[in-house]
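Trainee: Got a structure for you, entry-v5.cif, holding mmCIF, C-alpha atoms and all ligand atoms.
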```
data_input
#
loop_
_atom_site.label_atom_id
_atom_site.label_comp_id
_atom_site.auth_asym_id
_atom_site.auth_seq_id
_atom_site.Cartn_x
_atom_site.Cartn_y
_atom_site.Cartn_z
CA MET A 1 -114.91 -113.39 -100.19
CA GLY A 2 -116.96 -115.99 -102.04
CA ARG A 3 -120.36 -115.45 -103.64
CA LEU A 4 -121.83 -118.16 -101.36
CA ASP A 5 -120.09 -117.39 -98.08
CA GLY A 6 -121.89 -119.01 -95.13
CA ARG A 7 -124.54 -120.76 -97.22
CA VAL A 8 -125.18 -124.40 -96.37
CA ALA A 9 -125.69 -126.78 -99.29
CA ILE A 10 -126.43 -130.48 -99.69
CA VAL A 11 -125.37 -132.07 -102.99
CA THR A 12 -126.57 -135.62 -103.67
CA GLY A 13 -124.57 -137.68 -106.16
CA ALA A 14 -121.54 -135.60 -105.11
CA GLY A 15 -119.00 -138.42 -105.39
CA ARG A 16 -118.55 -138.35 -109.15
CA GLY A 17 -119.16 -136.51 -112.39
CA ILE A 18 -121.37 -133.43 -112.29
CA GLY A 19 -122.22 -133.74 -108.57
CA ALA A 20 -118.53 -133.75 -107.60
CA ALA A 21 -117.86 -130.66 -109.75
CA VAL A 22 -120.90 -128.92 -108.21
CA ALA A 23 -119.83 -129.76 -104.64
CA GLU A 24 -116.31 -128.45 -105.26
CA GLY A 25 -117.64 -125.34 -107.01
CA LEU A 26 -120.03 -124.50 -104.15
CA ALA A 27 -117.27 -124.95 -101.56
CA ALA A 28 -114.84 -122.81 -103.59
CA GLU A 29 -117.38 -119.96 -103.32
CA GLY A 30 -117.58 -120.29 -99.53
CA ALA A 31 -120.55 -122.63 -99.03
CA HIS A 32 -120.48 -125.35 -96.35
CA VAL A 33 -121.11 -128.48 -98.37
CA VAL A 34 -122.54 -131.85 -97.42
CA ALA A 35 -121.19 -134.08 -100.19
CA SER A 36 -123.61 -136.98 -100.21
CA ASP A 37 -123.09 -140.09 -102.33
CA LEU A 38 -123.84 -143.77 -101.96
CA GLY A 39 -120.98 -144.69 -104.28
CA VAL A 40 -122.88 -147.12 -106.48
CA SER A 41 -121.98 -148.42 -109.91
CA MET A 42 -123.83 -146.95 -112.85
CA ASP A 43 -126.69 -149.46 -112.62
CA GLY A 44 -127.16 -148.72 -108.91
CA SER A 45 -125.46 -151.82 -107.52
CA GLY A 46 -122.87 -151.86 -104.72
CA ALA A 47 -121.91 -149.06 -102.34
CA ASP A 48 -118.59 -147.34 -101.74
CA GLU A 49 -117.78 -144.50 -99.37
CA SER A 50 -114.54 -143.49 -101.08
CA PRO A 51 -115.88 -141.28 -103.95
CA ALA A 52 -117.59 -138.81 -101.57
CA ARG A 53 -114.62 -138.96 -99.19
CA GLU A 54 -112.17 -138.08 -101.97
CA VAL A 55 -114.30 -135.08 -103.00
CA VAL A 56 -114.38 -133.82 -99.40
CA ASP A 57 -110.61 -134.35 -99.09
CA ARG A 58 -110.07 -132.20 -102.21
CA ILE A 59 -112.39 -129.48 -100.89
CA ARG A 60 -110.63 -129.38 -97.52
CA ALA A 61 -107.19 -129.39 -99.17
CA SER A 62 -108.23 -126.22 -101.02
CA GLY A 63 -109.38 -124.55 -97.79
CA GLY A 64 -113.13 -125.23 -98.14
CA THR A 65 -115.62 -126.66 -95.65
CA ALA A 66 -117.33 -129.96 -96.37
CA ARG A 67 -118.34 -133.25 -94.86
CA THR A 68 -119.20 -136.61 -96.35
CA ASP A 69 -122.50 -138.42 -96.22
CA HIS A 70 -123.56 -141.74 -97.74
CA THR A 71 -127.34 -141.50 -97.86
CA ASP A 72 -129.26 -143.69 -100.30
CA VAL A 73 -131.61 -141.04 -101.73
CA ALA A 74 -134.13 -143.74 -102.61
CA SER A 75 -134.80 -144.19 -98.86
CA TRP A 76 -137.39 -141.85 -97.33
CA ALA A 77 -136.01 -142.34 -93.81
CA ALA A 78 -132.37 -141.87 -94.82
CA ALA A 79 -133.25 -138.69 -96.75
CA GLU A 80 -135.00 -137.31 -93.66
CA LYS A 81 -131.90 -138.06 -91.59
CA LEU A 82 -129.68 -136.30 -94.17
CA ILE A 83 -131.72 -133.08 -93.92
CA ARG A 84 -131.98 -133.27 -90.11
CA SER A 85 -128.28 -133.99 -89.53
CA THR A 86 -127.28 -131.11 -91.83
CA VAL A 87 -129.48 -128.65 -89.95
CA ASP A 88 -128.23 -130.04 -86.60
CA GLU A 89 -124.61 -129.61 -87.62
CA TYR A 90 -124.67 -126.28 -89.48
CA GLY A 91 -127.80 -124.71 -87.98
CA ARG A 92 -129.47 -124.26 -91.37
CA LEU A 93 -130.01 -125.56 -94.92
CA ASP A 94 -130.05 -123.01 -97.74
CA VAL A 95 -129.49 -125.05 -100.90
CA LEU A 96 -130.46 -128.57 -101.96
CA VAL A 97 -128.96 -129.85 -105.22
CA ASN A 98 -130.40 -133.23 -106.31
CA VAL A 99 -127.87 -134.77 -108.70
CA ALA A 100 -127.77 -138.51 -107.79
CA GLY A 101 -128.67 -140.83 -110.63
CA ILE A 102 -128.29 -144.26 -112.24
CA LEU A 103 -129.02 -145.81 -115.62
CA ARG A 104 -130.65 -149.12 -116.65
CA ASP A 105 -131.14 -148.62 -120.38
CA ARG A 106 -133.42 -151.05 -122.23
CA MET A 107 -135.92 -150.67 -125.04
CA ILE A 108 -139.48 -150.56 -123.68
CA PHE A 109 -140.25 -154.06 -125.06
CA ASN A 110 -137.26 -155.56 -123.18
CA MET A 111 -137.45 -153.66 -119.91
CA ALA A 112 -137.70 -155.71 -116.71
CA GLU A 113 -139.87 -154.46 -113.86
CA ASP A 114 -136.78 -154.12 -111.68
CA ASP A 115 -135.04 -151.85 -114.23
CA TRP A 116 -138.07 -149.58 -114.23
CA ASP A 117 -138.40 -149.50 -110.43
CA ALA A 118 -134.69 -148.93 -109.71
CA VAL A 119 -134.44 -145.88 -112.00
CA ILE A 120 -137.71 -144.35 -110.81
CA ASP A 121 -136.65 -144.96 -107.18
CA VAL A 122 -133.32 -143.16 -107.43
CA HIS A 123 -134.24 -140.28 -109.75
CA LEU A 124 -137.90 -139.46 -109.15
CA LYS A 125 -138.51 -140.79 -105.66
CA GLY A 126 -134.97 -139.85 -104.58
CA THR A 127 -135.51 -136.24 -105.67
CA PHE A 128 -138.89 -136.28 -103.92
CA ASN A 129 -137.45 -137.77 -100.70
CA THR A 130 -134.80 -135.11 -100.08
CA THR A 131 -137.04 -132.30 -101.38
CA ARG A 132 -139.94 -133.33 -99.15
CA HIS A 133 -137.91 -133.14 -95.97
CA ALA A 134 -136.07 -129.96 -96.99
CA ALA A 135 -139.43 -128.36 -97.86
CA SER A 136 -140.87 -128.95 -94.40
CA TYR A 137 -137.71 -127.47 -92.87
CA TRP A 138 -137.98 -124.41 -95.17
CA ARG A 139 -141.68 -123.96 -94.38
CA GLU A 140 -140.98 -124.10 -90.65
CA ASN A 141 -138.04 -121.70 -90.95
CA GLN A 142 -139.33 -118.92 -93.16
CA GLY A 143 -137.27 -115.81 -93.80
CA GLY A 144 -134.39 -117.54 -95.60
CA ASP A 145 -133.34 -117.37 -99.23
CA TYR A 146 -133.69 -121.04 -100.10
CA ARG A 147 -132.88 -122.90 -103.30
CA LEU A 148 -134.03 -126.20 -104.77
CA ILE A 149 -131.95 -127.22 -107.81
CA ASN A 150 -132.93 -130.49 -109.51
CA PHE A 151 -131.39 -132.40 -112.40
CA THR A 152 -133.50 -133.45 -115.36
CA SER A 153 -132.36 -134.58 -118.82
CA GLY A 154 -132.90 -134.02 -122.50
CA ALA A 155 -133.59 -137.78 -122.54
CA GLY A 156 -136.93 -137.02 -120.86
CA ILE A 157 -137.67 -133.79 -122.66
CA TYR A 158 -137.04 -135.27 -126.13
CA GLY A 159 -137.81 -138.94 -125.38
CA ALA A 160 -134.64 -141.09 -125.67
CA PRO A 161 -135.88 -144.36 -127.24
CA SER A 162 -133.69 -146.72 -125.18
CA GLN A 163 -134.39 -145.00 -121.86
CA PRO A 164 -138.14 -145.18 -121.12
CA ASN A 165 -137.54 -145.52 -117.35
CA TYR A 166 -135.00 -142.69 -117.23
CA ALA A 167 -137.02 -140.45 -119.59
CA ALA A 168 -140.15 -140.90 -117.44
CA ALA A 169 -138.25 -140.23 -114.21
CA LYS A 170 -136.49 -137.18 -115.59
CA LEU A 171 -139.65 -135.60 -117.00
CA GLY A 172 -141.31 -136.43 -113.69
CA ILE A 173 -138.60 -134.35 -112.04
CA VAL A 174 -139.62 -131.41 -114.26
CA GLY A 175 -143.19 -131.72 -112.96
CA LEU A 176 -141.98 -131.99 -109.37
CA THR A 177 -139.76 -128.93 -109.85
CA LEU A 178 -142.58 -126.83 -111.32
CA SER A 179 -144.98 -127.92 -108.58
CA CYS A 180 -142.44 -127.00 -105.89
CA ALA A 181 -141.79 -123.67 -107.62
CA ASN A 182 -145.46 -122.81 -107.35
CA ALA A 183 -145.91 -124.20 -103.83
CA LEU A 184 -142.75 -123.01 -102.09
CA ARG A 185 -142.11 -119.51 -103.47
CA ARG A 186 -144.11 -118.02 -100.60
CA TYR A 187 -141.72 -119.68 -98.15
CA GLY A 188 -138.65 -118.08 -99.74
CA VAL A 189 -137.70 -121.03 -101.96
CA THR A 190 -136.94 -120.95 -105.68
CA SER A 191 -137.15 -124.22 -107.59
CA ASN A 192 -135.49 -124.80 -110.94
CA CYS A 193 -134.08 -127.76 -112.82
CA ILE A 194 -131.09 -128.24 -115.04
CA ALA A 195 -130.77 -130.48 -118.09
CA PRO A 196 -126.98 -130.94 -118.27
CA VAL A 197 -124.64 -132.37 -120.86
CA ALA A 198 -121.18 -133.41 -119.72
CA THR A 199 -118.69 -136.18 -120.25
CA THR A 200 -118.97 -138.50 -117.23
CA ARG A 201 -119.17 -142.26 -116.82
CA MET A 202 -122.88 -141.93 -117.63
CA THR A 203 -122.11 -140.67 -121.13
CA MET A 204 -119.05 -142.85 -121.83
CA GLY A 205 -121.23 -145.18 -123.90
CA ILE A 206 -122.11 -142.29 -126.18
CA ALA A 207 -118.44 -141.21 -126.28
CA SER A 208 -117.45 -144.58 -127.70
CA SER A 209 -120.02 -144.26 -130.48
CA LYS A 210 -118.13 -142.68 -133.39
CA ALA A 211 -121.31 -140.95 -134.52
CA VAL A 212 -121.34 -138.53 -131.57
CA ASN A 213 -117.93 -136.97 -131.12
CA GLN A 214 -119.21 -134.25 -128.80
CA TYR A 215 -118.76 -136.67 -125.86
CA ASP A 216 -115.07 -137.24 -126.61
CA PRO A 217 -113.27 -136.82 -123.24
CA ALA A 218 -110.82 -134.46 -124.99
CA ASN A 219 -113.66 -131.97 -125.64
CA GLU A 220 -113.17 -129.43 -122.85
CA ARG A 221 -116.54 -127.83 -123.50
CA MET A 222 -118.06 -131.09 -122.21
CA SER A 223 -116.30 -130.96 -118.84
CA PRO A 224 -118.69 -131.24 -115.84
CA ALA A 225 -117.09 -127.96 -114.70
CA ASN A 226 -119.13 -126.18 -117.39
CA VAL A 227 -122.37 -127.16 -115.64
CA VAL A 228 -121.19 -125.55 -112.40
CA PRO A 229 -121.55 -121.77 -113.08
CA ILE A 230 -125.34 -121.88 -113.50
CA VAL A 231 -125.65 -124.01 -110.33
CA LEU A 232 -123.57 -121.46 -108.38
CA TYR A 233 -125.72 -118.63 -109.71
CA LEU A 234 -128.94 -120.44 -108.81
CA ALA A 235 -127.55 -121.28 -105.35
CA SER A 236 -126.66 -117.65 -104.64
CA THR A 237 -128.95 -115.06 -103.07
CA GLU A 238 -128.69 -113.11 -106.34
CA SER A 239 -130.99 -115.48 -108.27
CA GLY A 240 -134.15 -115.00 -106.19
CA TRP A 241 -136.02 -113.63 -109.23
CA LEU A 242 -135.44 -116.81 -111.26
CA ASN A 243 -138.01 -119.52 -110.53
CA ARG A 244 -139.83 -122.40 -112.25
CA ARG A 245 -137.34 -122.81 -115.07
CA VAL A 246 -135.83 -125.69 -117.01
CA ILE A 247 -132.28 -124.69 -117.87
CA GLY A 248 -129.89 -126.39 -120.27
CA ALA A 249 -126.21 -126.37 -119.24
CA GLY A 250 -123.02 -127.85 -120.66
CA ASN A 251 -120.97 -128.06 -123.82
CA GLY A 252 -120.12 -124.39 -123.42
CA ARG A 253 -123.74 -123.23 -123.36
CA ILE A 254 -126.44 -122.18 -120.93
CA SER A 255 -129.97 -122.19 -122.33
CA LEU A 256 -133.57 -121.78 -121.27
CA PHE A 257 -136.18 -124.38 -122.22
CA ARG A 258 -139.73 -123.37 -122.84
CA GLU A 259 -141.86 -124.60 -119.98
CA SER A 260 -142.23 -128.26 -120.98
CA GLY A 261 -145.80 -129.40 -121.01
CA VAL A 262 -147.07 -126.02 -119.89
CA GLU A 263 -147.00 -124.04 -123.08
CA ARG A 264 -149.67 -124.96 -125.58
CA GLU A 265 -150.74 -123.72 -128.90
CA ILE A 266 -154.37 -123.51 -129.89
CA VAL A 267 -154.58 -125.04 -133.33
CA ALA A 268 -158.33 -125.45 -133.76
CA SER A 269 -160.89 -123.06 -132.33
CA SER A 270 -164.22 -123.36 -134.11
CA GLY A 271 -165.71 -124.65 -130.87
CA VAL A 272 -168.56 -126.86 -132.20
CA TRP A 273 -167.81 -129.60 -134.70
CA GLU A 274 -169.47 -132.40 -136.61
CA THR A 275 -167.13 -135.40 -136.76
CA ALA A 276 -166.26 -134.83 -140.43
CA SER A 277 -165.51 -131.14 -140.01
CA ALA A 278 -163.62 -131.82 -136.76
CA PHE A 279 -161.33 -134.37 -138.49
CA ALA A 280 -160.63 -131.91 -141.29
CA GLU A 281 -159.97 -129.00 -138.96
CA ILE A 282 -157.81 -131.05 -136.54
CA GLU A 283 -155.73 -132.58 -139.32
CA GLY A 284 -155.28 -129.30 -141.16
CA ALA A 285 -154.45 -127.31 -138.06
CA PHE A 286 -152.10 -129.94 -136.54
CA ARG A 287 -150.24 -130.48 -139.83
CA SER A 288 -149.79 -126.77 -140.21
CA ALA A 289 -148.60 -126.33 -136.61
CA ILE A 290 -146.24 -129.33 -136.70
CA GLU A 291 -144.83 -128.82 -140.19
CA HIS A 292 -144.41 -125.09 -139.64
CA PRO A 293 -143.53 -124.63 -135.95
CA ASN A 294 -142.77 -120.98 -136.57
CA PRO A 295 -146.26 -119.39 -136.88
CA PHE A 296 -144.86 -116.78 -139.28
CA ASP A 297 -143.90 -119.53 -141.78
CA ARG A 298 -147.43 -120.96 -142.00
CA PRO A 299 -149.25 -120.90 -145.29
CA ARG A 300 -152.27 -118.63 -145.05
CA GLY A 301 -155.81 -119.53 -145.98
N1 LIG E 401 -123.72 -136.48 -117.91
C1 LIG E 401 -124.69 -136.04 -118.68
O1 LIG E 401 -124.47 -135.62 -119.86
C2 LIG E 401 -126.09 -135.96 -118.17
C3 LIG E 401 -127.11 -135.64 -119.08
C4 LIG E 401 -128.41 -135.50 -118.63
C5 LIG E 401 -128.67 -135.67 -117.27
N2 LIG E 401 -127.67 -136.00 -116.40
C6 LIG E 401 -128.03 -136.13 -114.97
O2 LIG E 401 -127.06 -135.45 -114.19
C7 LIG E 401 -126.88 -136.14 -112.95
C8 LIG E 401 -125.41 -136.49 -112.75
O3 LIG E 401 -124.99 -137.38 -113.75
P1 LIG E 401 -123.45 -137.77 -113.98
O4 LIG E 401 -123.27 -137.87 -115.44
O5 LIG E 401 -122.56 -136.91 -113.18
O6 LIG E 401 -123.46 -139.28 -113.40
P2 LIG E 401 -122.38 -140.11 -112.52
O7 LIG E 401 -122.73 -141.54 -112.71
O8 LIG E 401 -121.00 -139.66 -112.84
O9 LIG E 401 -122.72 -139.67 -111.02
C9 LIG E 401 -123.92 -140.04 -110.39
C10 LIG E 401 -123.64 -140.21 -108.90
O10 LIG E 401 -124.88 -140.50 -108.24
C11 LIG E 401 -124.62 -141.44 -107.21
N3 LIG E 401 -125.83 -142.20 -106.86
C12 LIG E 401 -126.49 -143.08 -107.64
N4 LIG E 401 -127.53 -143.62 -106.97
C13 LIG E 401 -127.53 -143.06 -105.74
C14 LIG E 401 -128.38 -143.21 -104.60
N5 LIG E 401 -129.40 -144.07 -104.59
N6 LIG E 401 -128.11 -142.45 -103.51
C15 LIG E 401 -127.06 -141.60 -103.51
N7 LIG E 401 -126.21 -141.45 -104.54
C16 LIG E 401 -126.45 -142.17 -105.65
C17 LIG E 401 -123.54 -142.36 -107.80
O11 LIG E 401 -122.84 -143.05 -106.78
C18 LIG E 401 -122.68 -141.36 -108.59
O12 LIG E 401 -121.58 -140.90 -107.84
C19 LIG E 401 -127.81 -137.36 -113.01
O13 LIG E 401 -129.02 -137.05 -112.37
C20 LIG E 401 -128.03 -137.56 -114.48
O14 LIG E 401 -129.23 -138.23 -114.74
C21 LIG E 401 -126.40 -136.16 -116.82
#
```
Output the file's structure in the form of structure tokens.
Ligand SMILES: NC(=O)c1ccc[n+]([C@@H]2O[C@H](COP(=O)([O-])OP(=O)(O)OC[C@H]3O[C@@H](n4cnc5c(N)ncnc54)[C@H](O)[C@@H]3O)[C@@H](O)[C@H]2O)c1

Mentor:
Amino acid sequence: MGRLDGRVAIVTGAGRGIGAAVAEGLAAEGAHVVASDLGVSMDGSGADESPAREVVDRIRASGGTARTDHTDVASWAAAEKLIRSTVDEYGRLDVLVNVAGILRDRMIFNMAEDDWDAVIDVHLKGTFNTTRHAASYWRENQGGDYRLINFTSGAGIYGAPSQPNYAAAKLGIVGLTLSCANALRRYGVTSNCIAPVATTRMTMGIASSKAVNQYDPANERMSPANVVPIVLYLASTESGWLNRRVIGAGNGRISLFRESGVEREIVASSGVWETASAFAEIEGAFRSAIEHPNPFDRPRG
């Protein structure tokens, strides 16, 4: 008996890295998995069916149920077909895990239009495309225990300087996830996103930088397998109470982010200001809040 017996899950980006580990983990717990991957290189070029096929071969060899798919998530029409063909084949769709991603790192002053568009297309529009079609299926088929699990990144939450396209897309995915959490709960859907850390080809560049040894392939805490447990929990019917969250996973930890962009702190509250008094109050209050993020550490007066 698996914790996900009979559940039907689509995993995009399932051919490599975290997506492959997630697909195998879901299948090991009894889910029927559609392992979807276009098989592109890290910058999004090319296409290769073998990564997804190899994942499905491994799942079947261990007694699990899975099939391959090679949808380009950046295509609205292809994403619609992915959702429809899954429902046609298995009779339902319980879990959508949006993992597919590419990188085109450049500093903002060097970024070409194409590098911006390609990353936004795969991450932000790709997550929208599959989610949009799954959401209409879920709305038309109420009564299920449905799960939307998206992948964001600390690069967006903290603002990686060489990844303006990726940071924007990944923080956009947080907004999309929160919006879906508020819109779809009434239809039986929970919507959460995960900011992972794991050693994959995407982080190999960091691994080769001597400054950051965490990404050393020998560090087992950084295995993509360590991102899987929280995905399995979210995919299960046991996690229905957990919605609208940004969750950190990897390197041996699972953590909960504060709701990015939602939480705010009132730092000035006089209400009516002259310019001079407003400047003084804003500067004083912001400095105090920023230099002493813990309110209990703030100087009084
Ligand atoms: N590895 C990390 O530490 C890390 C950190 C933060 C966020 N992430 C996010 O986690 C996810 C997985 O990353 P990973 O490290 O496993 O990367 P990866 O490069 O190993 O795997 C990404 C997969 O997505 C597929 N893909 C790319 N474009 C696609 C498209 N248009 N349609 C369908 N499939 C496509 C690729 O073929 C590849 O198999 C990504 O969304 C990434 O942004 C990873």

Trainee: All residues within 6 Å of ligand LIG 401 (chain E) are required, counting only C-alpha atoms and all ligand atoms; please report them as an MDAnalysis selection string.

Mentor: chainID A and resid 12:19 37:40 42 44 71:74 99:102 122 151:153 195:203

Trainee: Residues within 8 Å of range 53-60 of chain A, please, as a list in words. Count only C-alpha atoms; anything in the same chain fewer than 6 positions from it doesn't count.

Mentor: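 The residues that qualify are Ala14, Gly15, Ala20, Ala23, Glu24, Ala27, Ala28, Ala35, Ala66, Arg67 and Thr68 of chain A.
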
Trainee: Could you please take those selected residues and save C-alpha atoms as a PDB file, in the coordinates of the input?

Mentor:
```pdb
ATOM      1  CA  ALA A  14    -121.540-135.600-105.110  1.00  0.00           C
ATOM      2  CA  GLY A  15    -119.000-138.420-105.390  1.00  0.00           C
ATOM      3  CA  ALA A  20    -118.530-133.750-107.600  1.00  0.00           C
ATOM      4  CA  ALA A  23    -119.830-129.760-104.640  1.00  0.00           C
ATOM      5  CA  GLU A  24    -116.310-128.450-105.260  1.00  0.00           C
ATOM      6  CA  ALA A  27    -117.270-124.950-101.560  1.00  0.00           C
ATOM      7  CA  ALA A  28    -114.840-122.810-103.590  1.00  0.00           C
ATOM      8  CA  ALA A  35    -121.190-134.080-100.190  1.00  0.00           C
ATOM      9  CA  ALA A  66    -117.330-129.960 -96.370  1.00  0.00           C
ATOM     10  CA  ARG A  67    -118.340-133.250 -94.860  1.00  0.00           C
ATOM     11  CA  THR A  68    -119.200-136.610 -96.350  1.00  0.00           C
TER      12      THR A  68
END
```

Trainee: Please provide as an MDAnalysis selection string all residues within 12 Å of Leu242 in chain A, with the sequence filter that same-chain residues fewer than 4 positions apart are discarded (counting all atoms listed in the file).

Mentor: chainID A and resid 147:149 181 185 189:193 230 233:238 246:247 256

Trainee: Using all atoms listed in the file, which of the listed residues (A:Thr177, A:Thr65, A:Ser162, A:Ser277) sits closest to Leu26 in chain A?

Mentor: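 That would be A:Thr65, the residue with the smallest distance to Leu26 in chain A.
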
Trainee: Could you name the residues that touch range 2-7 of chain A at 6 Å or less, counting only C-alpha atoms, but leaving out those on the same chain fewer than 4 positions away, as a ChimeraX atom specification?

Mentor: /A:29-31,94,236

Trainee: Name the closest residue to Ser136 in chain A among the candidates A:Ala112, A:Leu184, A:Thr86, A:Lys170; distances are taken between atoms, counting all atoms listed in the file.

Mentor: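 Between A:Ala112, A:Leu184, A:Thr86, A:Lys170, the residue approaching Ser136 in chain A most closely is A:Leu184.
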
Trainee: CA of Val87 in chain A and CA of Tyr137 in chain A, how far apart in Å?

Mentor: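 Separating CA of Tyr137 in chain A from CA of Val87 in chain A is a distance of 8.8 Å.
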
Trainee: For a quick check of understanding, using only C-alpha atoms, which of A:Arg258, A:Arg104, A:Arg287, A:Arg92 has the smallest distance to Ile157 in chain A?

Mentor: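 Once distances to Ile157 in chain A are computed over only C-alpha atoms, the minimum belongs to A:Arg258.
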
Trainee: Give the answer as one residue: which of A:Leu82, A:Ala135, A:Asn98, A:Asp48 has the shortest atom-to-atom distance to Ala183 in chain A, using only C-alpha atoms?

Mentor: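 The answer is A:Ala135, which sits nearest to Ala183 in chain A.
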